Amino acid sequence: LGPNCLGIVVPGLKLNASFASIMPKEGNVAFISQSGALCTSVLDWAKEEKIGFSYFVSIGNAIDVDFADLIDYFGEDEKTKFIILYIESISNARRFITATRSFARTKPILVYKAGRFPQSAAVAASHTGAIISEDAVYDSAFRRTGVVRVFNIAEVFDCVELVGRNRIPKGSKLGIVTNAGGPGVMAVDALMDQDGVLAELSSDSIGRLDNCLPPIWSRRNPVDILGDARAKRFKQASKILLEDDGVDALLVILTPQGMTNPTRVARVIGELVTETRKPILAAWFGRESVRDGIKILVDSGIASYNTPEQAVRAFMTLVNYNRNLENLYETPRDFRIEFNADRESVKSGLVSLCTDKDVLLSEKDTKNLLSGYGIQITNPIFAPDEDKAAEVAAMIGYPVVLKIDSPDITHKTDVGGIILNLANEMEMRSAFRQIIRTVVENKPEASIRGVTLQKMVSFRNGIELILGLKKDAVFGTVIMIGIGGVTAEIWKDSSIGFPPLNERLARRMLESLRIWPLLEGYRGSPPVDMDGLIETIIRFSYIASDNPEIEELDVNPLLCGQEGVIALDARAVIRRITTQIKPYEHLALRPYPEEFVEVIHLEDGTKILLRPIRPEDEPMWMEMLGNCSKESIYSRFRFFFNWETHNAAVRFCYIDYDREIAIVAEQEEAGKRELLGVGRLVADPNLKTVEYAVLVIDKCQNKGLGGILTDYCEKITRKWGITRIVAETTTGNPRMIYLFKNRGYNIDFSRGDGVVNVWKDLK
């Protein structure tokens with residue numbers, strides 16, 4: 001750890017190898033911070049609030065051990081149920097994203113990122129670069145991995161109040177019990193402001209509350225039990241709400257009034273903790289009169305806050321964690337993308353234009369790149385002079401668009417370099433002279449080659465978007481979609497994503513935009529071609545993945561309408577890659593491993609496609625397990641489980657290809673695709689050892705498919721450079737034992753519990 005760090009505290013071992021003087025109690029939260037000063041403050045607060053930690057780590061400059069190392073370690077640690085990060089910067093984005101993606105589904109990871117507003121080093125050449133900020137990229141990275149972010153350090157403390165007590169809400173519906181109307185309204189305001197849900201009480205709960213509350217109670221949520229409420233009334237109302245299936249968490253608000261004893265109320269509310277798994281939050285207003293009550297709440301394991309807003313903010317932070325995971329692992333549609341051109345040839349053409357310095361591609365070259373990936377474009381035709389422009393315009397047909405052609409001009413509109421909708425030759429010739437004159441006046445130093453002409457395109461109710469990519473210093477190439485046109489930087493209605501993208505991720509980017517209702521169709525206007533727009537974004541993500549030479553790329557405007565999606569203007573900045581880099585090193589996420597797609601034949605001649613699994617395969621994965629006997633499932637997983645759920649499929653279909661891969665054997669007959677088996681490789685974080693498992697559906701066993709999958713996965717392991725492959729089987733599975741033995745694996749029967757250890761060291 002370190003240098004320049006506070007050290008490490010492990011309460012379970014009574015180990016304090018730090019400069020801190022406080023030993024916190026043992027708990028289930030791992031706290032990792034780049035700030036030593038913050039650590040001491042958190043420790044001091046945690047002692048008073050009786051919050052426990054499994055580990056407390058200050059990493060300082062992280063010269064050796066970084067966030068990814070510790071997330072991997074605590075992700076496997078049984079004592080750690082939650083991970084909290086204080087981040088100032090990340091050095092290895094790929095490792096950080098891989099580690100957080102591995103565990104965010106099973107262990108909530110909460111992050112506070114400091115330094116949200118660093119000064120920009122320079123104004124970017126493109127619209128995309130001007131819109132995307134460093135913090136926006138971090139924010140998108142956290143969402144992409146399922147991490148929940150808080151925006152001030154007080155929220156960290158507020159959330160630890162909940163997670164430190166192992167109380168994670170299962171849903172977003174909040175029930176509120178209060179002895180004063182005003183604080184209840186404050187809580188509802190905070191809840192609505194953060195897109196929470198005010199729980200709707202069942203008729204049974206309303207009836208039970210009628211029996212124990214005064215006739216003038218609110219008869220709705222928030223449940224106002226009135227200012228004269230004593231401890232018994234607080235407990236009865238709270239218990240009824242906790243037992244309501246429509247309530248996911250309960251907030252109890254107390255204001256010290258003449259008939260109310262804060263200490264006694266705290267004691268009876270504390271008794272409810274053992275009767276429910278739902279989170280109970282408390283907001284005890286005041287100081288001296290409520291101090292003893294707050295201490296009782298803390299001792300009882302109830303998250304206690306000074307104000308209702310604090311409590312709601314903590315509740316909604318964890319609700320958003322669940323929402324983010326649901327969105328992130330929503331099954332995408334099987335959106336097949338076909339390419340007419342050879343992507344390698346398109347890439348080679350781009351590389352031939354690169355130099356050791358930034359090169360601003362012409363609109364023509366940039367659109368050739370887009371077209372090579374199947375994105376519809378308007379085709380610009382170059383004209384060096386007025387007469388040639390007239391000839392080109394007559395050829396393509398009026399109306400036309402005239403644009404200045406200059407390697408020194410990025411934003412043509414800024415210098416009067418675009419004139420639209422020219423209806424005839426007279427207008428075109430006049431526009432030619434005007435555009436040259438205006439550009440010379442506005443940018444006299446620019447080299448003007450001539451103009452380009454293209455067909456004027458307009459869609460009824462069309463919407464202009466910007467689709468762009470840029471290289472971020474930390475996270476590599478990122479993609480942006482947002483409102484386009486000349487006002488893109490003003491509105492900054494944009495969303496950032498990390499390539500590669502699938503149908504669901506592309507759609508989520510669009511849904512997060514403020515103009516989403518316009519894209520869907522608003523007040524009688526037709527929706528845009530949504531499938532066409534999503535396909536364009538996915539194709540664009542292939543450009544980002546395949547071409548590390550691209551520094552920036554703008555498609556602005558990308559015109560979208562009911563009629564289709566078309567790139568009207570585009571410009572790219574490229575640079576030759578001068579250092580040796582691994583494939584896709586410019587990305588924070590490893591794309592789909594297309595290199596592991598191969599067609600083979602079984603011994604009986606059956607044609608099989610071997611390929612890595614995809615999230616879109618979830619329905620076929622479930623069908624595959626449905627075609628297996630209980631014995632086959634037990635032999636693979638060594639336990640029976642409910643695999644017919646989305647959550648189960650997420651674990652096996654949504655994987656990070658950087659350290660895990662599952663090769664499926666797919667057969668297609670009469671237009672129906674079916675998975676016959678799967679071999680899975682899961683590597684350790686250091687990529688030294690990989691664990692292997694295989695499953696073949698019952699009707700395809702004894703046909704050699706298990707051996708084919710095993711050999712193929714071993715070949716992948718060698719390509720990864722991993723030195724050892726390990727597996728487990730059982731003494732009751734002689735076919736697998738024979739398969740491994742026949743391939744030179746070591747077989748160990750010594751465990752004695754029916755489990756057989758298998759391994760092979762690879763040269």
# chains A, B, ... in the order shown; residues from 1 in each chain; ligands from 1
>>> residues_around(residues="stretch 192-209 of chain A", least_positions_apart="2", cutoff="7 Å", atoms="only C-alpha atoms", output="list in words")
Ser172, Lys173, Leu174, Gly175, Val188, Asp189, Ala190, Asn211, Cys212, Leu213, Arg219, Asn221, Ala237, Ile240, Asp244, Gly246, Val247 and Met316 of chain A
>>> select_by_dssp(residues="stretch 189-340 of chain A", states="strand (DSSP E or B)", output="list of chain:residue names")
A:Val197, A:Leu198, A:Val223, A:Asp224, A:Ala249, A:Leu250, A:Leu251, A:Val252, A:Ile253, A:Leu254, A:Ile280, A:Leu281, A:Ala282, A:Ala283, A:Trp284, A:Ala303, A:Ser304, A:Tyr305
>>> write_last_selection(atoms="all heavy atoms", output="tab-separated table (two decimals), in the first residue's frame")
chain	number	residue	atom	x	y	z
A	197	VAL	N	-40.57	6.32	-4.87
A	197	VAL	CA	-41.98	5.93	-4.94
A	197	VAL	C	-42.56	5.97	-3.53
A	197	VAL	O	-42.05	5.31	-2.62
A	197	VAL	CB	-42.14	4.51	-5.53
A	197	VAL	CG1	-43.61	4.10	-5.53
A	197	VAL	CG2	-41.56	4.44	-6.93
A	198	LEU	N	-43.60	6.75	-3.35
A	198	LEU	CA	-44.31	6.78	-2.08
A	198	LEU	C	-45.23	5.57	-2.03
A	198	LEU	O	-46.13	5.43	-2.86
A	198	LEU	CB	-45.10	8.09	-1.95
A	198	LEU	CG	-45.77	8.35	-0.60
A	198	LEU	CD1	-44.73	8.51	0.50
A	198	LEU	CD2	-46.65	9.60	-0.67
A	223	VAL	N	-48.04	8.38	7.04
A	223	VAL	CA	-48.99	8.12	8.11
A	223	VAL	C	-48.71	9.10	9.24
A	223	VAL	O	-47.74	8.96	9.98
A	223	VAL	CB	-48.88	6.66	8.61
A	223	VAL	CG1	-49.83	6.43	9.77
A	223	VAL	CG2	-49.16	5.70	7.48
A	224	ASP	N	-49.55	10.14	9.33
A	224	ASP	CA	-49.41	11.15	10.39
A	224	ASP	C	-50.18	10.67	11.61
A	224	ASP	O	-51.41	10.65	11.62
A	224	ASP	CB	-49.96	12.49	9.88
A	224	ASP	CG	-49.71	13.62	10.87
A	224	ASP	OD1	-49.26	13.34	12.01
A	224	ASP	OD2	-49.97	14.78	10.50
A	249	ALA	N	-39.39	-0.19	2.55
A	249	ALA	CA	-38.58	0.35	3.65
A	249	ALA	C	-39.44	1.33	4.43
A	249	ALA	O	-40.44	1.86	3.91
A	249	ALA	CB	-37.32	1.03	3.13
A	250	LEU	N	-39.05	1.57	5.66
A	250	LEU	CA	-39.84	2.44	6.55
A	250	LEU	C	-38.97	3.56	7.10
A	250	LEU	O	-37.86	3.32	7.58
A	250	LEU	CB	-40.42	1.63	7.71
A	250	LEU	CG	-41.15	2.45	8.79
A	250	LEU	CD1	-42.44	3.04	8.23
A	250	LEU	CD2	-41.47	1.57	10.02
A	251	LEU	N	-39.49	4.77	6.99
A	251	LEU	CA	-38.86	5.94	7.62
A	251	LEU	C	-39.76	6.40	8.77
A	251	LEU	O	-40.93	6.71	8.56
A	251	LEU	CB	-38.67	7.06	6.60
A	251	LEU	CG	-38.24	8.43	7.16
A	251	LEU	CD1	-36.91	8.33	7.89
A	251	LEU	CD2	-38.19	9.48	6.05
A	252	VAL	N	-39.19	6.44	9.98
A	252	VAL	CA	-39.92	6.90	11.16
A	252	VAL	C	-39.37	8.28	11.53
A	252	VAL	O	-38.17	8.44	11.77
A	252	VAL	CB	-39.77	5.94	12.34
A	252	VAL	CG1	-40.59	6.43	13.53
A	252	VAL	CG2	-40.20	4.53	11.94
A	253	ILE	N	-40.26	9.27	11.55
A	253	ILE	CA	-39.87	10.65	11.86
A	253	ILE	C	-40.47	11.04	13.21
A	253	ILE	O	-41.67	10.86	13.44
A	253	ILE	CB	-40.37	11.61	10.76
A	253	ILE	CG1	-39.82	11.21	9.39
A	253	ILE	CG2	-39.97	13.05	11.09
A	253	ILE	CD1	-40.43	12.00	8.24
A	254	LEU	N	-39.63	11.59	14.07
A	254	LEU	CA	-40.09	12.04	15.39
A	254	LEU	C	-39.67	13.48	15.61
A	254	LEU	O	-38.49	13.84	15.42
A	254	LEU	CB	-39.53	11.15	16.49
A	254	LEU	CG	-39.90	11.51	17.93
A	254	LEU	CD1	-40.12	10.26	18.78
A	254	LEU	CD2	-38.85	12.39	18.60
A	280	ILE	N	-35.18	-0.09	8.26
A	280	ILE	CA	-35.87	0.94	9.06
A	280	ILE	C	-34.92	2.12	9.18
A	280	ILE	O	-33.77	1.97	9.60
A	280	ILE	CB	-36.25	0.42	10.46
A	280	ILE	CG1	-37.14	-0.82	10.34
A	280	ILE	CG2	-36.96	1.52	11.25
A	280	ILE	CD1	-37.49	-1.43	11.70
A	281	LEU	N	-35.39	3.30	8.79
A	281	LEU	CA	-34.62	4.52	8.91
A	281	LEU	C	-35.33	5.44	9.90
A	281	LEU	O	-36.57	5.42	10.01
A	281	LEU	CB	-34.48	5.23	7.57
A	281	LEU	CG	-33.86	4.46	6.40
A	281	LEU	CD1	-34.90	3.62	5.66
A	281	LEU	CD2	-33.20	5.42	5.42
A	282	ALA	N	-34.55	6.22	10.61
A	282	ALA	CA	-35.13	7.11	11.61
A	282	ALA	C	-34.59	8.51	11.44
A	282	ALA	O	-33.42	8.70	11.12
A	282	ALA	CB	-34.84	6.60	13.02
A	283	ALA	N	-35.46	9.50	11.65
A	283	ALA	CA	-35.05	10.91	11.68
A	283	ALA	C	-35.62	11.52	12.95
A	283	ALA	O	-36.82	11.79	13.02
A	283	ALA	CB	-35.54	11.65	10.44
A	284	TRP	N	-34.77	11.66	13.95
A	284	TRP	CA	-35.16	12.23	15.24
A	284	TRP	C	-34.74	13.70	15.24
A	284	TRP	O	-33.56	14.02	15.30
A	284	TRP	CB	-34.48	11.48	16.38
A	284	TRP	CG	-35.29	10.46	17.13
A	284	TRP	CD1	-35.34	10.32	18.50
A	284	TRP	CD2	-36.14	9.44	16.62
A	284	TRP	NE1	-36.15	9.28	18.85
A	284	TRP	CE2	-36.68	8.72	17.70
A	284	TRP	CE3	-36.52	9.06	15.34
A	284	TRP	CZ2	-37.55	7.66	17.56
A	284	TRP	CZ3	-37.40	8.01	15.19
A	284	TRP	CH2	-37.91	7.32	16.29
A	303	ALA	N	-30.55	2.80	11.16
A	303	ALA	CA	-29.88	3.95	10.57
A	303	ALA	C	-30.59	5.22	11.01
A	303	ALA	O	-31.78	5.40	10.75
A	303	ALA	CB	-29.88	3.83	9.06
A	304	SER	N	-29.86	6.11	11.66
A	304	SER	CA	-30.46	7.32	12.24
A	304	SER	C	-29.89	8.56	11.56
A	304	SER	O	-28.67	8.66	11.33
A	304	SER	CB	-30.18	7.37	13.74
A	304	SER	OG	-30.70	8.55	14.31
A	305	TYR	N	-30.78	9.51	11.25
A	305	TYR	CA	-30.38	10.72	10.53
A	305	TYR	C	-30.94	11.95	11.24
A	305	TYR	O	-31.93	11.88	11.98
A	305	TYR	CB	-30.88	10.67	9.09
A	305	TYR	CG	-30.37	9.47	8.34
A	305	TYR	CD1	-31.11	8.27	8.31
A	305	TYR	CD2	-29.16	9.50	7.68
A	305	TYR	CE1	-30.64	7.16	7.64
A	305	TYR	CE2	-28.68	8.39	6.99
A	305	TYR	CZ	-29.42	7.23	6.98
A	305	TYR	OH	-28.95	6.12	6.32
>>> closest_residue(among="A:Cys713, A:Leu318, A:Ile418, A:Ala136", to="A:Ser494", atoms="only C-alpha atoms")
A:Ala136
>>> select_by_dssp(residues="stretch 423-457 of chain A", states="alpha helix (DSSP H)", output="count of residues only")
18
>>> residues_around(residues="A:Gly564", least_positions_apart="2", cutoff="10 Å", atoms="only C-alpha atoms", output="list in words")
Gln376, Phe459, Gly462, Val528, Asp529, Met530, Asp531, Gly532, Leu533, Leu559, Cys560, Gly561, Gln562 and Ile566 of chain A
>>> closest_atom_pairs(of="stretch 98-204 of chain A", to="stretch 255-258 of chain A", cutoff="10 Å", atoms="only C-alpha atoms", output="Markdown table")
| residue | atom | partner | partner_atom | distance |
| --- | --- | --- | --- | --- |
| A:Thr178 | CA | A:Thr255 | CA | 8.1 |
| A:Asn179 | CA | A:Thr255 | CA | 6.7 |
| A:Ala180 | CA | A:Thr255 | CA | 6.8 |
| A:Pro183 | CA | A:Thr255 | CA | 8.4 |
>>> residues_around(residues="A:Gly744", least_positions_apart="5", cutoff="12 Å", atoms="only C-alpha atoms", output="VMD selection string")
chain A and resid 711 714 725 737 to 739 758 to 762
>>> residues_around(residues="A:Met620", least_positions_apart="2", cutoff="10 Å", atoms="only C-alpha atoms", output="number ranges by chain")
A: 616-618, 622-626, 666, 673-676
>>> residues_around(residues="A:Val726", least_positions_apart="5", cutoff="10 Å", atoms="only C-alpha atoms", output="ChimeraX atom specification")
/A:681-683,689-693,745-746,757-761
>>> write_last_selection(atoms="N, CA, C and O atoms", output="PDB file, in the first residue's frame")
ATOM      1  N   LEU A 681     -14.530 -20.802 -19.223  1.00  0.00           N
ATOM      2  CA  LEU A 681     -13.230 -20.520 -18.630  1.00  0.00           C
ATOM      3  C   LEU A 681     -13.337 -19.274 -17.766  1.00  0.00           C
ATOM      4  O   LEU A 681     -13.812 -18.232 -18.233  1.00  0.00           O
ATOM      5  N   VAL A 682     -12.914 -19.381 -16.506  1.00  0.00           N
ATOM      6  CA  VAL A 682     -12.909 -18.239 -15.597  1.00  0.00           C
ATOM      7  C   VAL A 682     -11.501 -18.107 -15.034  1.00  0.00           C
ATOM      8  O   VAL A 682     -11.021 -18.994 -14.322  1.00  0.00           O
ATOM      9  N   ALA A 683     -10.837 -16.984 -15.361  1.00  0.00           N
ATOM     10  CA  ALA A 683      -9.447 -16.785 -14.946  1.00  0.00           C
ATOM     11  C   ALA A 683      -9.385 -16.032 -13.631  1.00  0.00           C
ATOM     12  O   ALA A 683     -10.299 -15.273 -13.275  1.00  0.00           O
ATOM     13  N   THR A 689      -4.093 -18.630 -13.579  1.00  0.00           N
ATOM     14  CA  THR A 689      -4.821 -19.904 -13.545  1.00  0.00           C
ATOM     15  C   THR A 689      -6.232 -19.672 -14.062  1.00  0.00           C
ATOM     16  O   THR A 689      -6.833 -18.628 -13.805  1.00  0.00           O
ATOM     17  N   VAL A 690      -6.747 -20.660 -14.791  1.00  0.00           N
ATOM     18  CA  VAL A 690      -8.110 -20.565 -15.286  1.00  0.00           C
ATOM     19  C   VAL A 690      -8.877 -21.817 -14.875  1.00  0.00           C
ATOM     20  O   VAL A 690      -8.340 -22.923 -14.895  1.00  0.00           O
ATOM     21  N   GLU A 691     -10.120 -21.617 -14.446  1.00  0.00           N
ATOM     22  CA  GLU A 691     -10.986 -22.733 -14.054  1.00  0.00           C
ATOM     23  C   GLU A 691     -11.887 -23.088 -15.231  1.00  0.00           C
ATOM     24  O   GLU A 691     -12.478 -22.205 -15.866  1.00  0.00           O
ATOM     25  N   TYR A 692     -12.009 -24.382 -15.506  1.00  0.00           N
ATOM     26  CA  TYR A 692     -12.771 -24.854 -16.663  1.00  0.00           C
ATOM     27  C   TYR A 692     -13.947 -25.711 -16.217  1.00  0.00           C
ATOM     28  O   TYR A 692     -13.855 -26.480 -15.260  1.00  0.00           O
ATOM     29  N   ALA A 693     -15.075 -25.542 -16.917  1.00  0.00           N
ATOM     30  CA  ALA A 693     -16.245 -26.399 -16.696  1.00  0.00           C
ATOM     31  C   ALA A 693     -16.957 -26.572 -18.031  1.00  0.00           C
ATOM     32  O   ALA A 693     -16.887 -25.708 -18.904  1.00  0.00           O
ATOM     33  N   TYR A 745      -4.412 -34.576 -18.404  1.00  0.00           N
ATOM     34  CA  TYR A 745      -4.656 -33.832 -17.169  1.00  0.00           C
ATOM     35  C   TYR A 745      -4.276 -34.693 -15.965  1.00  0.00           C
ATOM     36  O   TYR A 745      -4.371 -35.928 -16.007  1.00  0.00           O
ATOM     37  N   ASN A 746      -3.863 -34.053 -14.897  1.00  0.00           N
ATOM     38  CA  ASN A 746      -3.622 -34.731 -13.632  1.00  0.00           C
ATOM     39  C   ASN A 746      -4.948 -34.941 -12.913  1.00  0.00           C
ATOM     40  O   ASN A 746      -5.776 -34.014 -12.841  1.00  0.00           O
ATOM     41  N   ASN A 757     -10.255 -33.504  -8.146  1.00  0.00           N
ATOM     42  CA  ASN A 757      -9.533 -32.324  -8.617  1.00  0.00           C
ATOM     43  C   ASN A 757      -8.758 -32.670  -9.890  1.00  0.00           C
ATOM     44  O   ASN A 757      -8.130 -33.722  -9.982  1.00  0.00           O
ATOM     45  N   VAL A 758      -8.818 -31.769 -10.849  1.00  0.00           N
ATOM     46  CA  VAL A 758      -8.186 -31.980 -12.148  1.00  0.00           C
ATOM     47  C   VAL A 758      -7.355 -30.741 -12.484  1.00  0.00           C
ATOM     48  O   VAL A 758      -7.803 -29.624 -12.244  1.00  0.00           O
ATOM     49  N   TRP A 759      -6.148 -30.938 -13.030  1.00  0.00           N
ATOM     50  CA  TRP A 759      -5.366 -29.784 -13.457  1.00  0.00           C
ATOM     51  C   TRP A 759      -4.367 -30.170 -14.533  1.00  0.00           C
ATOM     52  O   TRP A 759      -4.032 -31.340 -14.711  1.00  0.00           O
ATOM     53  N   LYS A 760      -3.917 -29.141 -15.244  1.00  0.00           N
ATOM     54  CA  LYS A 760      -2.919 -29.341 -16.280  1.00  0.00           C
ATOM     55  C   LYS A 760      -2.070 -28.082 -16.383  1.00  0.00           C
ATOM     56  O   LYS A 760      -2.598 -26.975 -16.475  1.00  0.00           O
ATOM     57  N   ASP A 761      -0.749 -28.261 -16.327  1.00  0.00           N
ATOM     58  CA  ASP A 761       0.170 -27.143 -16.495  1.00  0.00           C
ATOM     59  C   ASP A 761       0.503 -26.992 -17.971  1.00  0.00           C
ATOM     60  O   ASP A 761       0.895 -27.952 -18.640  1.00  0.00           O
TER      61      ASP A 761
END
>>> decode(residues="stretch 306-328 of chain A", atoms="N, CA, C and O atoms", output="PDB file, in the first residue's frame")
ATOM      1  N   ASN A 306     -30.299  13.086  10.972  1.00  0.00           N
ATOM      2  CA  ASN A 306     -30.742  14.340  11.582  1.00  0.00           C
ATOM      3  C   ASN A 306     -31.979  14.905  10.901  1.00  0.00           C
ATOM      4  O   ASN A 306     -32.770  15.609  11.531  1.00  0.00           O
ATOM      5  N   THR A 307     -32.129  14.620   9.611  1.00  0.00           N
ATOM      6  CA  THR A 307     -33.265  15.177   8.861  1.00  0.00           C
ATOM      7  C   THR A 307     -33.879  14.100   7.972  1.00  0.00           C
ATOM      8  O   THR A 307     -33.206  13.141   7.581  1.00  0.00           O
ATOM      9  N   PRO A 308     -35.147  14.261   7.612  1.00  0.00           N
ATOM     10  CA  PRO A 308     -35.767  13.305   6.679  1.00  0.00           C
ATOM     11  C   PRO A 308     -35.070  13.290   5.325  1.00  0.00           C
ATOM     12  O   PRO A 308     -34.982  12.240   4.679  1.00  0.00           O
ATOM     13  N   GLU A 309     -34.604  14.467   4.857  1.00  0.00           N
ATOM     14  CA  GLU A 309     -33.940  14.521   3.557  1.00  0.00           C
ATOM     15  C   GLU A 309     -32.704  13.629   3.525  1.00  0.00           C
ATOM     16  O   GLU A 309     -32.440  12.955   2.523  1.00  0.00           O
ATOM     17  N   GLN A 310     -31.924  13.635   4.611  1.00  0.00           N
ATOM     18  CA  GLN A 310     -30.746  12.767   4.672  1.00  0.00           C
ATOM     19  C   GLN A 310     -31.150  11.300   4.561  1.00  0.00           C
ATOM     20  O   GLN A 310     -30.526  10.518   3.836  1.00  0.00           O
ATOM     21  N   ALA A 311     -32.167  10.936   5.293  1.00  0.00           N
ATOM     22  CA  ALA A 311     -32.619   9.543   5.280  1.00  0.00           C
ATOM     23  C   ALA A 311     -33.094   9.137   3.886  1.00  0.00           C
ATOM     24  O   ALA A 311     -32.739   8.064   3.380  1.00  0.00           O
ATOM     25  N   VAL A 312     -33.887   9.998   3.251  1.00  0.00           N
ATOM     26  CA  VAL A 312     -34.401   9.682   1.917  1.00  0.00           C
ATOM     27  C   VAL A 312     -33.265   9.592   0.916  1.00  0.00           C
ATOM     28  O   VAL A 312     -33.247   8.716   0.041  1.00  0.00           O
ATOM     29  N   ARG A 313     -32.284  10.485   1.031  1.00  0.00           N
ATOM     30  CA  ARG A 313     -31.152  10.472   0.096  1.00  0.00           C
ATOM     31  C   ARG A 313     -30.388   9.155   0.201  1.00  0.00           C
ATOM     32  O   ARG A 313     -30.008   8.562  -0.815  1.00  0.00           O
ATOM     33  N   ALA A 314     -30.155   8.684   1.416  1.00  0.00           N
ATOM     34  CA  ALA A 314     -29.458   7.408   1.590  1.00  0.00           C
ATOM     35  C   ALA A 314     -30.286   6.259   1.032  1.00  0.00           C
ATOM     36  O   ALA A 314     -29.767   5.370   0.343  1.00  0.00           O
ATOM     37  N   PHE A 315     -31.589   6.278   1.318  1.00  0.00           N
ATOM     38  CA  PHE A 315     -32.478   5.239   0.808  1.00  0.00           C
ATOM     39  C   PHE A 315     -32.456   5.199  -0.712  1.00  0.00           C
ATOM     40  O   PHE A 315     -32.302   4.140  -1.330  1.00  0.00           O
ATOM     41  N   MET A 316     -32.559   6.362  -1.350  1.00  0.00           N
ATOM     42  CA  MET A 316     -32.634   6.414  -2.805  1.00  0.00           C
ATOM     43  C   MET A 316     -31.298   6.077  -3.463  1.00  0.00           C
ATOM     44  O   MET A 316     -31.269   5.568  -4.590  1.00  0.00           O
ATOM     45  N   THR A 317     -30.200   6.348  -2.795  1.00  0.00           N
ATOM     46  CA  THR A 317     -28.899   5.956  -3.343  1.00  0.00           C
ATOM     47  C   THR A 317     -28.842   4.449  -3.531  1.00  0.00           C
ATOM     48  O   THR A 317     -28.395   3.946  -4.569  1.00  0.00           O
ATOM     49  N   LEU A 318     -29.316   3.711  -2.550  1.00  0.00           N
ATOM     50  CA  LEU A 318     -29.290   2.257  -2.645  1.00  0.00           C
ATOM     51  C   LEU A 318     -30.398   1.728  -3.559  1.00  0.00           C
ATOM     52  O   LEU A 318     -30.222   0.702  -4.217  1.00  0.00           O
ATOM     53  N   VAL A 319     -31.514   2.439  -3.636  1.00  0.00           N
ATOM     54  CA  VAL A 319     -32.548   2.080  -4.612  1.00  0.00           C
ATOM     55  C   VAL A 319     -31.991   2.221  -6.021  1.00  0.00           C
ATOM     56  O   VAL A 319     -32.197   1.354  -6.891  1.00  0.00           O
ATOM     57  N   ASN A 320     -31.265   3.304  -6.268  1.00  0.00           N
ATOM     58  CA  ASN A 320     -30.688   3.526  -7.594  1.00  0.00           C
ATOM     59  C   ASN A 320     -29.628   2.487  -7.923  1.00  0.00           C
ATOM     60  O   ASN A 320     -29.413   2.172  -9.105  1.00  0.00           O
ATOM     61  N   TYR A 321     -28.966   1.959  -6.915  1.00  0.00           N
ATOM     62  CA  TYR A 321     -28.031   0.849  -7.136  1.00  0.00           C
ATOM     63  C   TYR A 321     -28.780  -0.339  -7.733  1.00  0.00           C
ATOM     64  O   TYR A 321     -28.360  -0.925  -8.740  1.00  0.00           O
ATOM     65  N   ASN A 322     -29.916  -0.681  -7.146  1.00  0.00           N
ATOM     66  CA  ASN A 322     -30.706  -1.800  -7.670  1.00  0.00           C
ATOM     67  C   ASN A 322     -31.249  -1.499  -9.066  1.00  0.00           C
ATOM     68  O   ASN A 322     -31.242  -2.348  -9.957  1.00  0.00           O
ATOM     69  N   ARG A 323     -31.719  -0.263  -9.269  1.00  0.00           N
ATOM     70  CA  ARG A 323     -32.247   0.115 -10.581  1.00  0.00           C
ATOM     71  C   ARG A 323     -31.163   0.035 -11.646  1.00  0.00           C
ATOM     72  O   ARG A 323     -31.406  -0.436 -12.765  1.00  0.00           O
ATOM     73  N   ASN A 324     -29.983   0.507 -11.289  1.00  0.00           N
ATOM     74  CA  ASN A 324     -28.879   0.502 -12.244  1.00  0.00           C
ATOM     75  C   ASN A 324     -28.538  -0.921 -12.667  1.00  0.00           C
ATOM     76  O   ASN A 324     -28.318  -1.197 -13.852  1.00  0.00           O
ATOM     77  N   LEU A 325     -28.511  -1.841 -11.706  1.00  0.00           N
ATOM     78  CA  LEU A 325     -28.217  -3.232 -12.041  1.00  0.00           C
ATOM     79  C   LEU A 325     -29.304  -3.827 -12.926  1.00  0.00           C
ATOM     80  O   LEU A 325     -29.014  -4.567 -13.870  1.00  0.00           O
ATOM     81  N   GLU A 326     -30.557  -3.502 -12.626  1.00  0.00           N
ATOM     82  CA  GLU A 326     -31.654  -4.011 -13.454  1.00  0.00           C
ATOM     83  C   GLU A 326     -31.511  -3.521 -14.891  1.00  0.00           C
ATOM     84  O   GLU A 326     -31.693  -4.284 -15.845  1.00  0.00           O
ATOM     85  N   ASN A 327     -31.189  -2.239 -15.042  1.00  0.00           N
ATOM     86  CA  ASN A 327     -31.025  -1.679 -16.384  1.00  0.00           C
ATOM     87  C   ASN A 327     -29.813  -2.273 -17.091  1.00  0.00           C
ATOM     88  O   ASN A 327     -29.848  -2.588 -18.281  1.00  0.00           O
ATOM     89  N   LEU A 328     -28.724  -2.419 -16.331  1.00  0.00           N
ATOM     90  CA  LEU A 328     -27.465  -2.861 -16.910  1.00  0.00           C
ATOM     91  C   LEU A 328     -27.564  -4.292 -17.413  1.00  0.00           C
ATOM     92  O   LEU A 328     -26.970  -4.645 -18.449  1.00  0.00           O
TER      93      LEU A 328
END
